[in-house]
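K.L.:
This is the structure, below, for whatever I ask next.
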Amino acid sequence: MSAHGVFLARHGETDYNAARRFQGHLPVPLNARGREQAQELARVAAQQEWATLICSPLARARETADIVGAAIGHHPIEDARFAETDCGIWTDRMFDDVQRDEPELFAAYLRADPDFAFPGGESFAQQQLRVLEGIDAAAQGPRPALVVSHRGSMRLALAALHDDDAHRAAAIPNASLVELP
């Protein structure tokens, strides 16, 4: 699959990111730093022409996409395929607490093991499939396409498109922008 002309951006920081808390599908807004990061992402994005702007419907991605959209002259189109993983019963829990209580599962989460599934939530395999479907749809549409998404979605997409495991656990800072191969 070629995703040439599709770029992924991570949303700005939230209080949950800063506290290392699982936010999953919760409607967590950007914090002040996250809004500044989104403004910087908007400045970077405004340096090129975009044919379309797509975003996850989750609040933090939508808020970032609205800021970017104002700078590039596009209204974001929501696509649930780009949402973060449903964290199941880990939603709203602190990373440190989960690591203490379920060290083996937490280690599988950290390395983005393809067989990992959040207890009561989604597996990385399920998420990767829907994200790749979204990327394929974006690649079939007007390009270049900018997609505002989440770290988990970006890591799984990069791992699949680069056909390697190194990208599964890659650090992807808030408001970073990557071009897909």
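Identifiers in this document derive from the order of the structure tokens: chains are assigned A, B, ..., residues are numbered from 1 separately in each chain, and ligands are numbered from 1 in order of occurrence.
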Just want the 7 Å neighbourhood of Val148 in chain A, counted on only C-alpha atoms, with same-chain residues fewer than 3 positions away dropped. Output as number ranges by chain.
P.N.:
A: 8-11, 54-56, 61, 65
K.L.:
Any idea what's packed within 9 Å of range 19-23 of chain A, counting only C-alpha atoms, ignoring anything in its chain fewer than 4 positions away? Could you give it as an MDAnalysis selection string?
P.N.:
chainID A and resid 14:15 27:28 84 86:87 90:96
K.L.:
Using only C-alpha atoms, which residues sit within 12 Å of Ile77 in chain A once same-chain residues fewer than 3 positions away are excluded, as a PDB file with N, CA, C and O atoms, in the first residue's frame?
P.N.:
```
ATOM      1  N   ALA A  51      -4.633  19.694   0.139  1.00  0.00           N
ATOM      2  CA  ALA A  51      -5.885  19.454  -0.585  1.00  0.00           C
ATOM      3  C   ALA A  51      -7.017  19.110   0.372  1.00  0.00           C
ATOM      4  O   ALA A  51      -8.184  19.373   0.078  1.00  0.00           O
ATOM      5  N   THR A  52      -6.652  18.522   1.529  1.00  0.00           N
ATOM      6  CA  THR A  52      -7.679  18.116   2.488  1.00  0.00           C
ATOM      7  C   THR A  52      -7.091  18.014   3.886  1.00  0.00           C
ATOM      8  O   THR A  52      -5.891  17.789   4.046  1.00  0.00           O
ATOM      9  N   LEU A  53      -7.963  18.179   4.879  1.00  0.00           N
ATOM     10  CA  LEU A  53      -7.600  18.045   6.283  1.00  0.00           C
ATOM     11  C   LEU A  53      -8.581  17.074   6.923  1.00  0.00           C
ATOM     12  O   LEU A  53      -9.796  17.290   6.896  1.00  0.00           O
ATOM     13  N   ILE A  54      -8.038  16.003   7.489  1.00  0.00           N
ATOM     14  CA  ILE A  54      -8.832  14.938   8.103  1.00  0.00           C
ATOM     15  C   ILE A  54      -8.403  14.853   9.563  1.00  0.00           C
ATOM     16  O   ILE A  54      -7.241  15.122   9.881  1.00  0.00           O
ATOM     17  N   CYS A  55      -9.318  14.456  10.441  1.00  0.00           N
ATOM     18  CA  CYS A  55      -8.925  14.313  11.847  1.00  0.00           C
ATOM     19  C   CYS A  55      -9.725  13.227  12.547  1.00  0.00           C
ATOM     20  O   CYS A  55     -10.834  12.885  12.134  1.00  0.00           O
ATOM     21  N   SER A  56      -9.137  12.728  13.603  1.00  0.00           N
ATOM     22  CA  SER A  56      -9.859  11.877  14.546  1.00  0.00           C
ATOM     23  C   SER A  56     -10.971  12.719  15.164  1.00  0.00           C
ATOM     24  O   SER A  56     -10.792  13.919  15.376  1.00  0.00           O
ATOM     25  N   PRO A  57     -12.107  12.110  15.490  1.00  0.00           N
ATOM     26  CA  PRO A  57     -13.188  12.877  16.108  1.00  0.00           C
ATOM     27  C   PRO A  57     -12.983  13.146  17.602  1.00  0.00           C
ATOM     28  O   PRO A  57     -13.774  13.884  18.202  1.00  0.00           O
ATOM     29  N   ALA A  61      -7.765  15.803  19.208  1.00  0.00           N
ATOM     30  CA  ALA A  61      -7.382  15.837  17.792  1.00  0.00           C
ATOM     31  C   ALA A  61      -8.211  16.869  17.042  1.00  0.00           C
ATOM     32  O   ALA A  61      -7.694  17.605  16.199  1.00  0.00           O
ATOM     33  N   ARG A  62      -9.494  16.925  17.350  1.00  0.00           N
ATOM     34  CA  ARG A  62     -10.367  17.894  16.669  1.00  0.00           C
ATOM     35  C   ARG A  62      -9.948  19.324  16.994  1.00  0.00           C
ATOM     36  O   ARG A  62      -9.914  20.186  16.105  1.00  0.00           O
ATOM     37  N   ALA A  65      -6.896  20.034  15.029  1.00  0.00           N
ATOM     38  CA  ALA A  65      -7.248  20.181  13.614  1.00  0.00           C
ATOM     39  C   ALA A  65      -7.952  21.504  13.339  1.00  0.00           C
ATOM     40  O   ALA A  65      -7.743  22.114  12.280  1.00  0.00           O
ATOM     41  N   ASP A  66      -8.768  21.972  14.267  1.00  0.00           N
ATOM     42  CA  ASP A  66      -9.423  23.272  14.084  1.00  0.00           C
ATOM     43  C   ASP A  66      -8.389  24.400  14.030  1.00  0.00           C
ATOM     44  O   ASP A  66      -8.507  25.320  13.214  1.00  0.00           O
ATOM     45  N   GLY A  69      -6.532  23.915  10.750  1.00  0.00           N
ATOM     46  CA  GLY A  69      -7.432  24.239   9.653  1.00  0.00           C
ATOM     47  C   GLY A  69      -7.577  25.733   9.428  1.00  0.00           C
ATOM     48  O   GLY A  69      -7.645  26.198   8.284  1.00  0.00           O
ATOM     49  N   HIS A  74      -8.689  25.068   5.624  1.00  0.00           N
ATOM     50  CA  HIS A  74      -9.517  23.868   5.438  1.00  0.00           C
ATOM     51  C   HIS A  74     -10.316  23.583   6.700  1.00  0.00           C
ATOM     52  O   HIS A  74      -9.824  23.753   7.815  1.00  0.00           O
ATOM     53  N   ALA A  80     -13.417   8.473  12.126  1.00  0.00           N
ATOM     54  CA  ALA A  80     -13.222   7.692  13.351  1.00  0.00           C
ATOM     55  C   ALA A  80     -12.136   6.629  13.209  1.00  0.00           C
ATOM     56  O   ALA A  80     -11.636   6.127  14.225  1.00  0.00           O
ATOM     57  N   ARG A  81     -11.752   6.292  11.986  1.00  0.00           N
ATOM     58  CA  ARG A  81     -10.689   5.294  11.812  1.00  0.00           C
ATOM     59  C   ARG A  81      -9.361   5.790  12.375  1.00  0.00           C
ATOM     60  O   ARG A  81      -8.471   4.991  12.658  1.00  0.00           O
ATOM     61  N   PHE A  82      -9.220   7.102  12.545  1.00  0.00           N
ATOM     62  CA  PHE A  82      -7.970   7.664  13.053  1.00  0.00           C
ATOM     63  C   PHE A  82      -7.989   7.902  14.564  1.00  0.00           C
ATOM     64  O   PHE A  82      -7.044   8.473  15.116  1.00  0.00           O
ATOM     65  N   ALA A 138      -7.642   8.035   2.538  1.00  0.00           N
ATOM     66  CA  ALA A 138      -7.032   9.361   2.369  1.00  0.00           C
ATOM     67  C   ALA A 138      -6.137   9.395   1.138  1.00  0.00           C
ATOM     68  O   ALA A 138      -6.113  10.390   0.402  1.00  0.00           O
ATOM     69  N   ALA A 145      -2.812  15.196   1.733  1.00  0.00           N
ATOM     70  CA  ALA A 145      -3.802  15.126   2.806  1.00  0.00           C
ATOM     71  C   ALA A 145      -3.086  15.186   4.147  1.00  0.00           C
ATOM     72  O   ALA A 145      -2.100  14.484   4.364  1.00  0.00           O
ATOM     73  N   LEU A 146      -3.595  16.012   5.032  1.00  0.00           N
ATOM     74  CA  LEU A 146      -3.066  16.121   6.391  1.00  0.00           C
ATOM     75  C   LEU A 146      -4.078  15.484   7.334  1.00  0.00           C
ATOM     76  O   LEU A 146      -5.257  15.847   7.324  1.00  0.00           O
ATOM     77  N   VAL A 147      -3.612  14.520   8.132  1.00  0.00           N
ATOM     78  CA  VAL A 147      -4.475  13.798   9.062  1.00  0.00           C
ATOM     79  C   VAL A 147      -3.987  14.060  10.480  1.00  0.00           C
ATOM     80  O   VAL A 147      -2.850  13.737  10.814  1.00  0.00           O
ATOM     81  N   VAL A 148      -4.840  14.651  11.314  1.00  0.00           N
ATOM     82  CA  VAL A 148      -4.503  14.881  12.719  1.00  0.00           C
ATOM     83  C   VAL A 148      -5.033  13.695  13.522  1.00  0.00           C
ATOM     84  O   VAL A 148      -6.228  13.423  13.515  1.00  0.00           O
ATOM     85  N   SER A 149      -4.106  13.016  14.185  1.00  0.00           N
ATOM     86  CA  SER A 149      -4.443  11.759  14.832  1.00  0.00           C
ATOM     87  C   SER A 149      -3.777  11.665  16.206  1.00  0.00           C
ATOM     88  O   SER A 149      -3.622  12.674  16.885  1.00  0.00           O
TER      89      SER A 149
END
```
K.L.:
Please identify which residues in range 2-179 of chain A DSSP calls helix (DSSP H, G or I) from the backbone, and express them as a ChimeraX atom specification.
P.N.:
/A:15-19,32-45,59-72,80-82,88-90,95-101,103-110,124-140,151-162,166-169
K.L.:
Have a look at A:His75, A:Arg130, A:Arg33, A:Arg60 and name the one nearest to Ala18 in chain A; count only C-alpha atoms.
P.N.:
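With only C-alpha atoms as the atom set, the closest residue is A:Arg33.
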K.L.:
So how far away is CA of His162 in chain A from CA of Gly5 in chain A, in Å?
P.N.:
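Distance reported for this atom pair: 15.3 Å.
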K.L.:
So, counting only C-alpha atoms, which residue among A:Gly24, A:Pro114, A:Pro29, A:Pro144 is closest to Ala83 in chain A?
P.N.:
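Answer, going by the shortest atom-to-atom distance: A:Gly24.
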K.L.:
Would you mind writing down, as a VMD selection string, each residue of chain A that DSSP on the backbone assigns to strand (DSSP E)?
P.N.:
chain A and resid 6 to 10 52 to 55 77 to 78 145 to 149 177 to 179
K.L.:
Print the selection's residues with C-alpha atoms to a file, as a tab-separated table (two decimals), in the first residue's frame.
P.N.:
```tsv
chain	number	residue	atom	x	y	z
A	6	VAL	CA	-0.56	11.54	3.16
A	7	PHE	CA	0.88	13.20	6.26
A	8	LEU	CA	0.07	12.33	9.86
A	9	ALA	CA	0.21	14.80	12.73
A	10	ARG	CA	-0.21	14.11	16.42
A	52	THR	CA	-7.68	18.12	2.49
A	53	LEU	CA	-7.60	18.05	6.28
A	54	ILE	CA	-8.83	14.94	8.10
A	55	CYS	CA	-8.93	14.31	11.85
A	77	ILE	CA	-13.29	16.20	8.10
A	78	GLU	CA	-13.72	13.74	10.98
A	145	ALA	CA	-3.80	15.13	2.81
A	146	LEU	CA	-3.07	16.12	6.39
A	147	VAL	CA	-4.47	13.80	9.06
A	148	VAL	CA	-4.50	14.88	12.72
A	149	SER	CA	-4.44	11.76	14.83
A	177	LEU	CA	4.23	15.85	11.61
A	178	VAL	CA	5.38	12.89	9.50
A	179	GLU	CA	5.02	12.10	5.82
```
